[in-house]
Amino acid sequence: MKQQVFNPYLPSWEYVPDGEPHVFGDRVYVYGSHDAFGAPIFCVNDYVCWSAPVDDLSDWRYEGVIYRKRQDPGNPLGIRSLYAPDVTRGPDGRYYLYYCFDFLGEMGVAVCDTPAGAYQFYGKVHFPDGHVWGKRNGEPFPFDPGVLTDDDGRVYVYSGFATKVPFPASRWHNLTNEGGVVLELERDMVTIKAGPELLFPVRGRQGAFPDHAFFEASSIRKVDGKYCFVYSSEHNHDLCYAMGDSPRGPFTYGGVLVDLGDLYLDGRADERHAANYLGNTHGGLLNIGEDWYIFYHRQTNRSSYARQACAERLTRTPDGGFAQSELTSCGLNGGPLRGIGKYEARIACNLWSKDGTGRYDVPRPKKRFAAHPYFTQSGKDREGQGDQYIANMRDGAVAGFKYFEMEGACGIGIDLRGTASGVMQVSERPDFSVMNASIAVEQRSATVSYSGRLCIEPGEKALYFRFLGAGAVDFLSFTLEESD
C-alpha cells in the first residue's frame, strides 16, 4: 500500500455510517448514509461515495455526492433523511441504488451507468398492480435495504426493522415489524416478483435466533456458494451473520462478526464490561482474494448522530464461517502499524472512563456522559479538513490502540490540551499490570508536548494511555520515537 491505513479509514471530517462495500471492476466502492457532525438526528446529509483500488485499501478517493435527498419526487423540500442504502449491478449492467427515507415506509430506487454516480431517480419498489410497497395495511415495514444480484441474474432485496413503527396508523398504514424479510424483484429492478417473506423473526417470535435475534441493518453476500446474511441483533451494537443454501433460506445463525464494545470475546457479554462506548452499527462484508473484512461504524461526539466508517479483517473458521474480530486501530492495514512515528489519538479503538462506558442511545447522552472521554472535533460539520481528537480525559480515563509492531522505539511523546495536573501512563495491557511509560503532565489550556522513556519489548503490542490526576485533558496525538 502507498501508506498506512487506520480506523476510521476515511478522513477525520467524514461521517459515513452504514457502509456497504462492493467491488466493481478494480475498485472498492463504499455506499453509506451521511451524518453531519453536531446534527440532532441521523443522516441529514446527501449520499456520497468513497472508493479505493482493490490492491490498496489505504488510497481512498472521494467520489462526491452521488444522490441528493431532493431528487426523490416525494421529498422535494429535502426534509426527510436518507437512511442506509445499498447498491447492486443489475442484469442489464447498470447500477441500482436502493434507499429508504427515515421512517416514511417506502423504498426508492435510483440508477446510474457507473458505480460512482451520479444516480437518477428510477422509481419506488412496488407490486405488479402498481401499488408501492408499504402503502397497504399489514405489509412489512420497508427499511435498510440489502440487495443481491445472484449469479443467475435474479435479484433479491432484504429489509426489516424490529422496533414498533412510532407513527399513527391512519397515516402509516399500520405496517408490521415482525423481523427481516426477503423479496425477489423482476428484471426491471423495481417490481416485486415474490414476497415479502419473513426469514428472520424478531425476539420473542418463533424461529428467532436465541440471544441475537434480528433487529435491523440487512446486508447480503455470497460466501463460497452459500448466502451470508449480515445484520444487527437485538443488542444493537453488534453485527452478526447467518448462512443459508438458498437466498430464501432457511438460514442458520453463525455468530458475531464485530461488536462496538468488544463484547462476546473471552466470554464478556455484559455491557458493563464494554471496552468502548455503545450505539447502533451497520455494515457489510468485503472479499478481496483470500481476505475478508467486515465494515461497520463507530459513534463520536457523545451521540448516535455523528458516526464514522471502520473495518476489520476477519478470520475464517473450519466450518466455513467467521470468527469474531476485535476492534483495532489498524483495520484495513493488513497487519499492525509501524512502531515508529506519529499517530492521531482519534484512531483509538478502545475508550473508557474510570466508571466504564455506556450506551449513547439513551436520553440526553451528553449530560449522562459529561465526565467521560469522547471523540470529537472543533467547530461545525465541514468537508476537506478536520482536527478530530479525544476530549475530556479525566482521572482514570483510558484510550487503547491496537496494534503496533514494536522494534526500536525507546521514547514516547504526547500532545495534550486542557487544564490538568497529573500523569499519563502507558501500558501494553488494558489492566496496566505492566507499566511501559509514565509522563508527568502540568497542563494550562494551550497545546503542550510531553515526552518520556518507553520501555517495551519487541513484538506486536497494544498501547493503552491512562490519565491520572486532577482536571481534564484533550488527547491530540502521540509519537513513538527511536533512540538518538
# chains A, B, ... in the order shown; residues from 1 in each chain; ligands from 1
>>> residues_around(residues="segment 9-16 of chain A", least_positions_apart="2", cutoff="7 Å", atoms="only C-alpha atoms", output="list in words")
Val5, Phe6, Asn7, Asp18, Gly19, Gly32, Ser33, His34, Asp35, Ala36, Ala306, Arg307, Gln308, Ala309, Cys310, Arg382, Glu383, Gln385, Gly386, Asp387 and Gln388 of chain A
>>> select_by_dssp(residues="segment 287-468 of chain A", states="alpha helix (DSSP H)", output="ChimeraX atom specification")
/A:365-368
>>> closest_residue(among="A:Ser58, A:Ser218, A:Gln3, A:Ser427", to="Ala311 of chain A", atoms="only C-alpha atoms")
A:Ser58
>>> closest_residue(among="A:Leu285, A:Leu463, A:Leu263, A:Val441", to="Lys402 of chain A", atoms="only C-alpha atoms")
A:Leu463
>>> residues_around(residues="Phe375 of chain A", least_positions_apart="2", cutoff="8 Å", atoms="only C-alpha atoms", output="count of residues only")
10
>>> closest_residue(among="A:Ser246, A:Thr149, A:Gln71, A:Thr163", to="Val202 of chain A", atoms="only C-alpha atoms")
A:Thr163
>>> residues_around(residues="Gly153 of chain A", least_positions_apart="6", cutoff="12 Å", atoms="only C-alpha atoms", output="list in words")
Thr88, Arg89, Gly90, Pro91, Asp92, Gly93, Glu184, Leu185, Glu186, Arg187, Asp188 and Met189 of chain A
>>> atom_distance(atom1="atom CA of Gly255 of chain A", atom2="atom CA of Thr281 of chain A")
15.8 Å
>>> atom_distance(atom1="atom CA of Val434 of chain A", atom2="atom CA of Ala409 of chain A")
16.8 Å
>>> residues_around(residues="Asp144 of chain A", least_positions_apart="4", cutoff="9 Å", atoms="only C-alpha atoms", output="number ranges by chain")
A: 83-86, 98-100, 107, 158-161, 216-219
>>> residues_around(residues="segment 446-458 of chain A", least_positions_apart="2", cutoff="6 Å", atoms="only C-alpha atoms", output="list in words")
Met406, Glu407, Cys410, Gly411, Ile412, Gly413, Ile414, Asp415, Leu416, Arg417, Asn436, Ala437, Ile439 and Arg444 of chain A
>>> select_by_dssp(residues="segment 272-426 of chain A", states="strand (DSSP E or B)", output="count of residues only")
73
>>> residues_around(residues="His372 of chain A", least_positions_apart="6", cutoff="7 Å", atoms="only C-alpha atoms", output="PyMOL selection string")
chain A and resi 353+392-393
>>> closest_residue(among="A:Arg80, A:Lys226, A:Arg248, A:His212", to="Val155 of chain A", atoms="only C-alpha atoms")
A:Arg248
>>> closest_residue(among="A:Asn236, A:Gly180, A:Tyr305, A:Val87", to="Ile41 of chain A", atoms="only C-alpha atoms")
A:Tyr305
>>> decode(residues="segment 270-308 of chain A", atoms="N, CA and C atoms", output="PDB file, in the first residue's frame")
ATOM      1  N   ASP A 270     -21.627  -8.923  29.221  1.00  0.00           N
ATOM      2  CA  ASP A 270     -22.283  -7.876  29.991  1.00  0.00           C
ATOM      3  C   ASP A 270     -21.843  -6.504  29.486  1.00  0.00           C
ATOM      4  N   GLU A 271     -22.810  -5.636  29.143  1.00  0.00           N
ATOM      5  CA  GLU A 271     -22.480  -4.315  28.618  1.00  0.00           C
ATOM      6  C   GLU A 271     -21.666  -3.485  29.597  1.00  0.00           C
ATOM      7  N   ARG A 272     -21.714  -3.819  30.867  1.00  0.00           N
ATOM      8  CA  ARG A 272     -20.911  -3.096  31.852  1.00  0.00           C
ATOM      9  C   ARG A 272     -19.424  -3.346  31.663  1.00  0.00           C
ATOM     10  N   HIS A 273     -19.074  -4.364  30.884  1.00  0.00           N
ATOM     11  CA  HIS A 273     -17.681  -4.683  30.619  1.00  0.00           C
ATOM     12  C   HIS A 273     -17.251  -4.260  29.220  1.00  0.00           C
ATOM     13  N   ALA A 274     -18.027  -3.439  28.555  1.00  0.00           N
ATOM     14  CA  ALA A 274     -17.690  -2.989  27.204  1.00  0.00           C
ATOM     15  C   ALA A 274     -16.394  -2.186  27.214  1.00  0.00           C
ATOM     16  N   ALA A 275     -15.575  -2.399  26.190  1.00  0.00           N
ATOM     17  CA  ALA A 275     -14.293  -1.708  26.077  1.00  0.00           C
ATOM     18  C   ALA A 275     -14.396  -0.448  25.221  1.00  0.00           C
ATOM     19  N   ASN A 276     -15.608  -0.063  24.901  1.00  0.00           N
ATOM     20  CA  ASN A 276     -15.834   1.148  24.113  1.00  0.00           C
ATOM     21  C   ASN A 276     -17.293   1.546  24.284  1.00  0.00           C
ATOM     22  N   TYR A 277     -17.625   2.780  23.912  1.00  0.00           N
ATOM     23  CA  TYR A 277     -18.996   3.266  24.064  1.00  0.00           C
ATOM     24  C   TYR A 277     -19.887   2.657  22.984  1.00  0.00           C
ATOM     25  N   LEU A 278     -21.133   2.364  23.352  1.00  0.00           N
ATOM     26  CA  LEU A 278     -22.024   1.569  22.522  1.00  0.00           C
ATOM     27  C   LEU A 278     -23.087   2.423  21.840  1.00  0.00           C
ATOM     28  N   GLY A 279     -23.535   1.943  20.695  1.00  0.00           N
ATOM     29  CA  GLY A 279     -24.614   2.548  19.927  1.00  0.00           C
ATOM     30  C   GLY A 279     -24.913   1.609  18.778  1.00  0.00           C
ATOM     31  N   ASN A 280     -25.706   2.063  17.826  1.00  0.00           N
ATOM     32  CA  ASN A 280     -26.025   1.165  16.721  1.00  0.00           C
ATOM     33  C   ASN A 280     -24.833   1.002  15.785  1.00  0.00           C
ATOM     34  N   THR A 281     -24.867  -0.037  14.961  1.00  0.00           N
ATOM     35  CA  THR A 281     -23.861  -0.196  13.921  1.00  0.00           C
ATOM     36  C   THR A 281     -24.467  -0.941  12.751  1.00  0.00           C
ATOM     37  N   HIS A 282     -23.814  -0.830  11.599  1.00  0.00           N
ATOM     38  CA  HIS A 282     -24.381  -1.344  10.347  1.00  0.00           C
ATOM     39  C   HIS A 282     -23.223  -1.443   9.365  1.00  0.00           C
ATOM     40  N   GLY A 283     -23.211  -2.500   8.555  1.00  0.00           N
ATOM     41  CA  GLY A 283     -22.160  -2.638   7.562  1.00  0.00           C
ATOM     42  C   GLY A 283     -22.323  -3.893   6.741  1.00  0.00           C
ATOM     43  N   GLY A 284     -21.266  -4.293   6.050  1.00  0.00           N
ATOM     44  CA  GLY A 284     -21.332  -5.456   5.181  1.00  0.00           C
ATOM     45  C   GLY A 284     -19.966  -6.081   4.999  1.00  0.00           C
ATOM     46  N   LEU A 285     -19.957  -7.243   4.355  1.00  0.00           N
ATOM     47  CA  LEU A 285     -18.735  -7.993   4.110  1.00  0.00           C
ATOM     48  C   LEU A 285     -18.065  -7.544   2.814  1.00  0.00           C
ATOM     49  N   LEU A 286     -16.741  -7.589   2.818  1.00  0.00           N
ATOM     50  CA  LEU A 286     -15.944  -7.339   1.621  1.00  0.00           C
ATOM     51  C   LEU A 286     -14.969  -8.489   1.451  1.00  0.00           C
ATOM     52  N   ASN A 287     -14.894  -9.013   0.231  1.00  0.00           N
ATOM     53  CA  ASN A 287     -13.957 -10.088  -0.088  1.00  0.00           C
ATOM     54  C   ASN A 287     -13.009  -9.611  -1.185  1.00  0.00           C
ATOM     55  N   ILE A 288     -11.708  -9.689  -0.902  1.00  0.00           N
ATOM     56  CA  ILE A 288     -10.685  -9.415  -1.912  1.00  0.00           C
ATOM     57  C   ILE A 288      -9.684 -10.558  -1.848  1.00  0.00           C
ATOM     58  N   GLY A 289      -9.654 -11.377  -2.878  1.00  0.00           N
ATOM     59  CA  GLY A 289      -8.766 -12.534  -2.875  1.00  0.00           C
ATOM     60  C   GLY A 289      -9.114 -13.488  -1.756  1.00  0.00           C
ATOM     61  N   GLU A 290      -8.146 -13.787  -0.925  1.00  0.00           N
ATOM     62  CA  GLU A 290      -8.351 -14.679   0.219  1.00  0.00           C
ATOM     63  C   GLU A 290      -8.778 -13.924   1.472  1.00  0.00           C
ATOM     64  N   ASP A 291      -8.849 -12.612   1.385  1.00  0.00           N
ATOM     65  CA  ASP A 291      -9.124 -11.804   2.567  1.00  0.00           C
ATOM     66  C   ASP A 291     -10.592 -11.408   2.661  1.00  0.00           C
ATOM     67  N   TRP A 292     -11.115 -11.439   3.889  1.00  0.00           N
ATOM     68  CA  TRP A 292     -12.475 -10.999   4.178  1.00  0.00           C
ATOM     69  C   TRP A 292     -12.436  -9.916   5.254  1.00  0.00           C
ATOM     70  N   TYR A 293     -13.294  -8.919   5.071  1.00  0.00           N
ATOM     71  CA  TYR A 293     -13.372  -7.810   6.009  1.00  0.00           C
ATOM     72  C   TYR A 293     -14.838  -7.567   6.373  1.00  0.00           C
ATOM     73  N   ILE A 294     -15.054  -7.063   7.586  1.00  0.00           N
ATOM     74  CA  ILE A 294     -16.380  -6.592   7.972  1.00  0.00           C
ATOM     75  C   ILE A 294     -16.301  -5.077   8.144  1.00  0.00           C
ATOM     76  N   PHE A 295     -17.170  -4.360   7.440  1.00  0.00           N
ATOM     77  CA  PHE A 295     -17.264  -2.909   7.563  1.00  0.00           C
ATOM     78  C   PHE A 295     -18.373  -2.583   8.564  1.00  0.00           C
ATOM     79  N   TYR A 296     -18.159  -1.547   9.365  1.00  0.00           N
ATOM     80  CA  TYR A 296     -19.110  -1.168  10.416  1.00  0.00           C
ATOM     81  C   TYR A 296     -18.918   0.308  10.706  1.00  0.00           C
ATOM     82  N   HIS A 297     -19.597   0.860  11.701  1.00  0.00           N
ATOM     83  CA  HIS A 297     -19.345   2.246  12.094  1.00  0.00           C
ATOM     84  C   HIS A 297     -19.286   2.391  13.607  1.00  0.00           C
ATOM     85  N   ARG A 298     -18.594   3.459  14.041  1.00  0.00           N
ATOM     86  CA  ARG A 298     -18.492   3.798  15.453  1.00  0.00           C
ATOM     87  C   ARG A 298     -19.192   5.138  15.710  1.00  0.00           C
ATOM     88  N   GLN A 299     -19.459   5.422  16.984  1.00  0.00           N
ATOM     89  CA  GLN A 299     -20.081   6.683  17.377  1.00  0.00           C
ATOM     90  C   GLN A 299     -19.008   7.705  17.805  1.00  0.00           C
ATOM     91  N   THR A 300     -19.325   8.996  17.624  1.00  0.00           N
ATOM     92  CA  THR A 300     -18.463  10.056  18.131  1.00  0.00           C
ATOM     93  C   THR A 300     -19.337  11.133  18.764  1.00  0.00           C
ATOM     94  N   ASN A 301     -18.686  12.101  19.393  1.00  0.00           N
ATOM     95  CA  ASN A 301     -19.346  13.305  19.908  1.00  0.00           C
ATOM     96  C   ASN A 301     -20.428  13.007  20.950  1.00  0.00           C
ATOM     97  N   ARG A 302     -20.301  11.887  21.672  1.00  0.00           N
ATOM     98  CA  ARG A 302     -21.270  11.503  22.706  1.00  0.00           C
ATOM     99  C   ARG A 302     -22.698  11.463  22.155  1.00  0.00           C
ATOM    100  N   SER A 303     -22.860  10.946  20.939  1.00  0.00           N
ATOM    101  CA  SER A 303     -24.191  10.870  20.337  1.00  0.00           C
ATOM    102  C   SER A 303     -24.220   9.724  19.341  1.00  0.00           C
ATOM    103  N   SER A 304     -25.415   9.451  18.837  1.00  0.00           N
ATOM    104  CA  SER A 304     -25.584   8.441  17.787  1.00  0.00           C
ATOM    105  C   SER A 304     -25.658   9.070  16.404  1.00  0.00           C
ATOM    106  N   TYR A 305     -25.390  10.367  16.297  1.00  0.00           N
ATOM    107  CA  TYR A 305     -25.683  11.091  15.065  1.00  0.00           C
ATOM    108  C   TYR A 305     -24.439  11.602  14.345  1.00  0.00           C
ATOM    109  N   ALA A 306     -23.259  11.138  14.761  1.00  0.00           N
ATOM    110  CA  ALA A 306     -22.017  11.508  14.085  1.00  0.00           C
ATOM    111  C   ALA A 306     -21.140  10.261  14.044  1.00  0.00           C
ATOM    112  N   ARG A 307     -21.467   9.362  13.135  1.00  0.00           N
ATOM    113  CA  ARG A 307     -20.848   8.040  13.102  1.00  0.00           C
ATOM    114  C   ARG A 307     -19.820   7.962  11.970  1.00  0.00           C
ATOM    115  N   GLN A 308     -18.807   7.122  12.174  1.00  0.00           N
ATOM    116  CA  GLN A 308     -17.703   7.054  11.226  1.00  0.00           C
ATOM    117  C   GLN A 308     -17.408   5.624  10.787  1.00  0.00           C
TER     118      GLN A 308
END
